[in-house]
Amino acid sequence: MTGRTTFNAGEICWTDLQTKDVEAAKAFYAAVFGWRYEDLPTPDGRSYSKAFLGDDLITVIAPQNPQQESSGTAAQWNIYFAVADAGAIVEETPHAGGAVEFGPEEVEDTGVMVFLAPPGGGTTGVWQPGTHTGTARYNESGALAWAELLTPEPQAAVAFFQQLFGHEVTEYPQDDGGTYTTLMVDGAEVAGIAPLPLEDEEDDEGAATGADPESDTEDVLQAGWQVYFGVDSITEAVAAAVAAGAVVLVEPEGDGDDEDAGRVATLSDPQGGIFSLLEV
């Protein structure tokens with residue numbers, strides 16, 4: 001078990017889900033990950049739920065805001081980078097080529113929240129901790145295990161995060177000629193950045209997997225962050241998710257015999273929230 005009580009600046013410290021049906025989402029993710037919940041009221045009279053493994057806080061499932069509800073926006077998983085000074089990040093964002101979408105906003109005494117848009121898109125959360133530092137577990141079954149950004153502008157995105165957070169990077173050449181880049185803090189990989197596949201590559205993937213090119217599978221290939229949760233068995237987790245109403249967008253792939261490369265799969269929950277599974 002990888003317990004966490006603090007996070008360095010530039011590490012991904014937290015993730016949460018915004019959804020139109022909190023109760024349905026709670027039931028779904030409990031079936032997949034075994035989370036238990038504690039409900040708390042929101043200022044507008046609704047409620048959000050803290051999700052736990054044992055006594056360890058893992059994430060939050062929250063209702064969408066009125067604008068998201070009225071526009072029919074699908075559920076969305078958000079990721080957050082830890083920072084020491086959210087205000088300084090807001091000031092630097094335009095100089096790094098990005099835009100501030102929201103904040104900074106104090107969330108009572110728990111911390112300060114900001115949402116940014118890097119070049120190429122992909123809403124990115126920033127969290128300046130107060131009483132809440134982030135997830136209490138990392139890289140284990142049922143907990144946040146990885147995150148990566150799909151973007152049409154990978155080089156600009158990498159430069160953006162380096163300028164804001166001082167990330168070091170490692171580049172991994174891919175068979176298709178592209179590059180998968182990992183952001184690093186103190187020598188440890190904390191997130192990935194990958195080029196968004198071109199339209200003809202999407203069609204090729206659909207043909208290779210037998211998927212309908214016009215299906216929701218295209219949603220996973222839009223610019224944005226992919227959040228990965230650890231599981232003991234990718235086969236069992238996918239089966240549990242499908243039984244609870246998930247749609248498989250990317251079938252389990254990877255070499256289960258390679259200790260350094262766990263199998264992965266990408267799914268959509270019943271409210272359209274896209275998430276991935278990583279065998280840990």
# chains A, B, ... in the order shown; residues from 1 in each chain; ligands from 1

call {"tool": "residues_around", "arguments": {"residues": "Gly224 of chain A", "least_positions_apart": "4", "cutoff": "12 Å", "atoms": "only C-alpha atoms", "output": "number ranges by chain"}}
result
A: 76-79, 116-125, 147-154, 157, 192-196, 219-220, 274-275

call {"tool": "select_by_dssp", "arguments": {"residues": "segment 84-271 of chain A", "states": "strand (DSSP E)", "output": "JSON, numbers by chain"}}
result
{"A": [99, 100, 101, 102, 103, 104, 105, 106, 107, 111, 112, 113, 114, 115, 116, 117, 124, 125, 126, 127, 128, 129, 144, 145, 146, 147, 148, 149, 150, 151, 168, 169, 170, 171, 172, 173, 179, 180, 181, 182, 183, 184, 185, 188, 189, 190, 191, 192, 193, 194, 195, 224, 225, 226, 227, 228, 229, 230, 231, 247, 248, 249, 250, 251, 252, 253, 264, 265, 266, 267, 268]}

call {"tool": "atom_distance", "arguments": {"atom1": "atom CA of Ser70 of chain A", "atom2": "atom CA of Thr93 of chain A"}}
result
29.4 Å

call {"tool": "closest_residue", "arguments": {"among": "A:Ala246, A:Ala96, A:Ala145, A:Val190", "to": "Gly262 of chain A", "atoms": "only C-alpha atoms"}}
result
A:Ala145

call {"tool": "residues_around", "arguments": {"residues": "Glu38 of chain A", "least_positions_apart": "3", "cutoff": "8 Å", "atoms": "only C-alpha atoms", "output": "count of residues only"}}
result
3

call {"tool": "select_by_dssp", "arguments": {"residues": "segment 76-270 of chain A", "states": "alpha helix (DSSP H)", "output": "count of residues only"}}
result
40

call {"tool": "closest_residue", "arguments": {"among": "A:Ile61, A:Val100, A:Val107, A:Val248", "to": "Ala88 of chain A", "atoms": "only C-alpha atoms"}}
result
A:Val100

call {"tool": "residues_around", "arguments": {"residues": "Ala86 of chain A", "least_positions_apart": "2", "cutoff": "12 Å", "atoms": "only C-alpha atoms", "output": "ChimeraX atom specification"}}
result
/A:9-10,80-84,88-93,100,102-106,111-116,125-130,164-165

call {"tool": "write_last_selection", "arguments": {"atoms": "N, CA and C atoms", "output": "mmCIF file, in the first residue's frame"}}
result
data_model
loop_
_atom_site.group_PDB
_atom_site.id
_atom_site.type_symbol
_atom_site.label_atom_id
_atom_site.label_comp_id
_atom_site.auth_asym_id
_atom_site.auth_seq_id
_atom_site.Cartn_x
_atom_site.Cartn_y
_atom_site.Cartn_z
ATOM 1 N N ALA A 9 5.015 19.966 -4.797
ATOM 2 C CA ALA A 9 4.499 20.793 -5.875
ATOM 3 C C ALA A 9 4.790 20.125 -7.217
ATOM 4 N N GLY A 10 3.765 20.061 -8.071
ATOM 5 C CA GLY A 10 3.925 19.423 -9.372
ATOM 6 C C GLY A 10 3.498 17.983 -9.422
ATOM 7 N N TYR A 80 -5.857 17.122 -10.229
ATOM 8 C CA TYR A 80 -5.307 18.312 -9.609
ATOM 9 C C TYR A 80 -3.816 18.134 -9.338
ATOM 10 N N PHE A 81 -3.035 19.146 -9.735
ATOM 11 C CA PHE A 81 -1.625 19.207 -9.372
ATOM 12 C C PHE A 81 -1.476 19.981 -8.063
ATOM 13 N N ALA A 82 -0.641 19.472 -7.170
ATOM 14 C CA ALA A 82 -0.353 20.177 -5.922
ATOM 15 C C ALA A 82 0.523 21.395 -6.198
ATOM 16 N N VAL A 83 0.215 22.506 -5.535
ATOM 17 C CA VAL A 83 1.021 23.723 -5.655
ATOM 18 C C VAL A 83 1.151 24.369 -4.283
ATOM 19 N N ALA A 84 2.199 25.165 -4.126
ATOM 20 C CA ALA A 84 2.377 25.891 -2.879
ATOM 21 C C ALA A 84 1.637 27.219 -2.888
ATOM 22 N N ALA A 88 0.126 32.464 -7.550
ATOM 23 C CA ALA A 88 1.296 32.615 -8.418
ATOM 24 C C ALA A 88 1.122 31.813 -9.702
ATOM 25 N N ILE A 89 0.493 30.643 -9.596
ATOM 26 C CA ILE A 89 0.236 29.827 -10.790
ATOM 27 C C ILE A 89 -0.720 30.555 -11.727
ATOM 28 N N VAL A 90 -1.739 31.187 -11.175
ATOM 29 C CA VAL A 90 -2.695 31.934 -11.991
ATOM 30 C C VAL A 90 -1.989 33.065 -12.736
ATOM 31 N N GLU A 91 -1.113 33.761 -12.057
ATOM 32 C CA GLU A 91 -0.399 34.872 -12.691
ATOM 33 C C GLU A 91 0.517 34.391 -13.807
ATOM 34 N N GLU A 92 1.123 33.216 -13.639
ATOM 35 C CA GLU A 92 2.098 32.725 -14.611
ATOM 36 C C GLU A 92 1.442 32.036 -15.800
ATOM 37 N N THR A 93 0.219 31.561 -15.635
ATOM 38 C CA THR A 93 -0.436 30.746 -16.675
ATOM 39 C C THR A 93 -0.464 31.413 -18.050
ATOM 40 N N VAL A 100 -6.627 30.672 -17.678
ATOM 41 C CA VAL A 100 -7.289 30.355 -16.408
ATOM 42 C C VAL A 100 -8.773 30.201 -16.676
ATOM 43 N N PHE A 102 -11.003 28.958 -14.149
ATOM 44 C CA PHE A 102 -11.778 29.148 -12.914
ATOM 45 C C PHE A 102 -10.809 29.383 -11.765
ATOM 46 N N GLY A 103 -11.200 30.295 -10.876
ATOM 47 C CA GLY A 103 -10.443 30.488 -9.654
ATOM 48 C C GLY A 103 -9.389 31.588 -9.778
ATOM 49 N N PRO A 104 -8.597 31.742 -8.704
ATOM 50 C CA PRO A 104 -8.550 30.857 -7.537
ATOM 51 C C PRO A 104 -9.752 31.057 -6.608
ATOM 52 N N GLU A 105 -10.192 29.942 -6.009
ATOM 53 C CA GLU A 105 -11.313 29.989 -5.069
ATOM 54 C C GLU A 105 -10.958 29.195 -3.817
ATOM 55 N N GLU A 106 -11.156 29.820 -2.680
ATOM 56 C CA GLU A 106 -10.939 29.126 -1.413
ATOM 57 C C GLU A 106 -12.114 28.192 -1.146
ATOM 58 N N GLY A 111 -8.547 24.197 1.195
ATOM 59 C CA GLY A 111 -7.520 24.540 0.224
ATOM 60 C C GLY A 111 -8.028 25.550 -0.785
ATOM 61 N N VAL A 112 -7.205 25.823 -1.780
ATOM 62 C CA VAL A 112 -7.537 26.772 -2.844
ATOM 63 C C VAL A 112 -7.523 26.035 -4.175
ATOM 64 N N MET A 113 -8.587 26.221 -4.963
ATOM 65 C CA MET A 113 -8.784 25.500 -6.218
ATOM 66 C C MET A 113 -8.670 26.444 -7.403
ATOM 67 N N VAL A 114 -8.031 25.933 -8.465
ATOM 68 C CA VAL A 114 -7.939 26.646 -9.738
ATOM 69 C C VAL A 114 -8.108 25.622 -10.848
ATOM 70 N N PHE A 115 -8.736 26.027 -11.964
ATOM 71 C CA PHE A 115 -8.753 25.207 -13.172
ATOM 72 C C PHE A 115 -8.090 25.985 -14.302
ATOM 73 N N LEU A 116 -7.160 25.318 -14.981
ATOM 74 C CA LEU A 116 -6.396 25.911 -16.073
ATOM 75 C C LEU A 116 -6.650 25.142 -17.356
ATOM 76 N N GLY A 125 -6.776 20.796 -13.059
ATOM 77 C CA GLY A 125 -6.969 21.340 -11.733
ATOM 78 C C GLY A 125 -5.648 21.627 -11.036
ATOM 79 N N VAL A 126 -5.682 22.631 -10.173
ATOM 80 C CA VAL A 126 -4.546 22.992 -9.324
ATOM 81 C C VAL A 126 -5.073 23.080 -7.895
ATOM 82 N N TRP A 127 -4.316 22.532 -6.958
ATOM 83 C CA TRP A 127 -4.780 22.503 -5.570
ATOM 84 C C TRP A 127 -3.682 22.988 -4.636
ATOM 85 N N GLN A 128 -3.969 24.075 -3.926
ATOM 86 C CA GLN A 128 -3.104 24.557 -2.857
ATOM 87 C C GLN A 128 -3.684 24.036 -1.546
ATOM 88 N N PRO A 129 -3.002 23.105 -0.884
ATOM 89 C CA PRO A 129 -3.623 22.436 0.255
ATOM 90 C C PRO A 129 -3.790 23.323 1.477
ATOM 91 N N GLY A 130 -4.920 23.099 2.145
ATOM 92 C CA GLY A 130 -5.143 23.624 3.477
ATOM 93 C C GLY A 130 -5.203 22.418 4.400
ATOM 94 N N LEU A 164 5.230 26.091 -15.484
ATOM 95 C CA LEU A 164 4.429 26.324 -14.281
ATOM 96 C C LEU A 164 4.962 25.576 -13.065
ATOM 97 N N PHE A 165 5.382 24.328 -13.276
ATOM 98 C CA PHE A 165 5.707 23.477 -12.137
ATOM 99 C C PHE A 165 7.175 23.041 -12.062
#

call {"tool": "closest_residue", "arguments": {"among": "A:Ala237, A:Ala244, A:Ala74, A:Leu53", "to": "Lys20 of chain A", "atoms": "only C-alpha atoms"}}
result
A:Ala74

call {"tool": "closest_residue", "arguments": {"among": "A:Ala243, A:Thr19, A:Asp109, A:Leu267", "to": "Thr73 of chain A", "atoms": "only C-alpha atoms"}}
result
A:Thr19

call {"tool": "residues_around", "arguments": {"residues": "Lys26 of chain A", "least_positions_apart": "4", "cutoff": "9 Å", "atoms": "only C-alpha atoms", "output": "PyMOL selection string"}}
result
chain A and resi 21-22+30-31+35-37+49+51+61

call {"tool": "write_last_selection", "arguments": {"atoms": "N, CA and C atoms", "output": "compact mmCIF listing (two decimals), in the first residue's frame"}}
result
# COMPACT_ATOMS: atom_id res chain seq x y z
N ASP A 21 -25.76 12.57 -11.52
CA ASP A 21 -26.49 11.67 -10.61
C ASP A 21 -25.51 11.09 -9.61
N VAL A 22 -25.36 11.77 -8.49
CA VAL A 22 -24.39 11.36 -7.48
C VAL A 22 -24.72 9.98 -6.93
N ALA A 30 -18.85 1.96 -6.28
CA ALA A 30 -18.76 1.00 -5.16
C ALA A 30 -18.69 -0.43 -5.70
N ALA A 31 -19.45 -0.70 -6.78
CA ALA A 31 -19.43 -2.04 -7.38
C ALA A 31 -18.09 -2.35 -8.02
N TRP A 35 -15.67 1.18 -2.84
CA TRP A 35 -15.64 2.38 -2.02
C TRP A 35 -16.85 2.45 -1.10
N ARG A 36 -16.65 3.03 0.07
CA ARG A 36 -17.75 3.42 0.94
C ARG A 36 -17.81 4.95 0.97
N TYR A 37 -18.93 5.49 1.46
CA TYR A 37 -19.14 6.93 1.29
C TYR A 37 -19.61 7.61 2.57
N SER A 49 -20.30 13.41 -1.98
CA SER A 49 -19.91 12.22 -1.22
C SER A 49 -18.42 12.04 -1.23
N ALA A 51 -15.45 9.47 -0.88
CA ALA A 51 -15.28 8.03 -1.11
C ALA A 51 -14.04 7.54 -0.36
N ILE A 61 -17.21 12.43 -5.05
CA ILE A 61 -18.20 12.43 -6.12
C ILE A 61 -19.15 13.59 -5.83

call {"tool": "closest_residue", "arguments": {"among": "A:Ile58, A:Ile234, A:Leu17, A:Val227", "to": "Tyr138 of chain A", "atoms": "only C-alpha atoms"}}
result
A:Ile58

call {"tool": "atom_distance", "arguments": {"atom1": "atom CA of Phe229 of chain A", "atom2": "atom CA of Asp39 of chain A"}}
result
21.8 Å

call {"tool": "atom_distance", "arguments": {"atom1": "atom CA of Arg46 of chain A", "atom2": "atom CA of Glu101 of chain A"}}
result
23.9 Å

call {"tool": "residues_around", "arguments": {"residues": "Glu171 of chain A", "least_positions_apart": "5", "cutoff": "7 Å", "atoms": "only C-alpha atoms", "output": "ChimeraX atom specification"}}
result
/A:179-182

call {"tool": "write_last_selection", "arguments": {"atoms": "C-alpha atoms", "output": "compact mmCIF listing (two decimals), in the first residue's frame"}}
result
# COMPACT_ATOMS: atom_id res chain seq x y z
CA THR A 179 6.56 10.48 -28.42
CA TYR A 180 5.05 9.72 -25.02
CA THR A 181 6.36 12.20 -22.44
CA THR A 182 6.28 11.79 -18.69
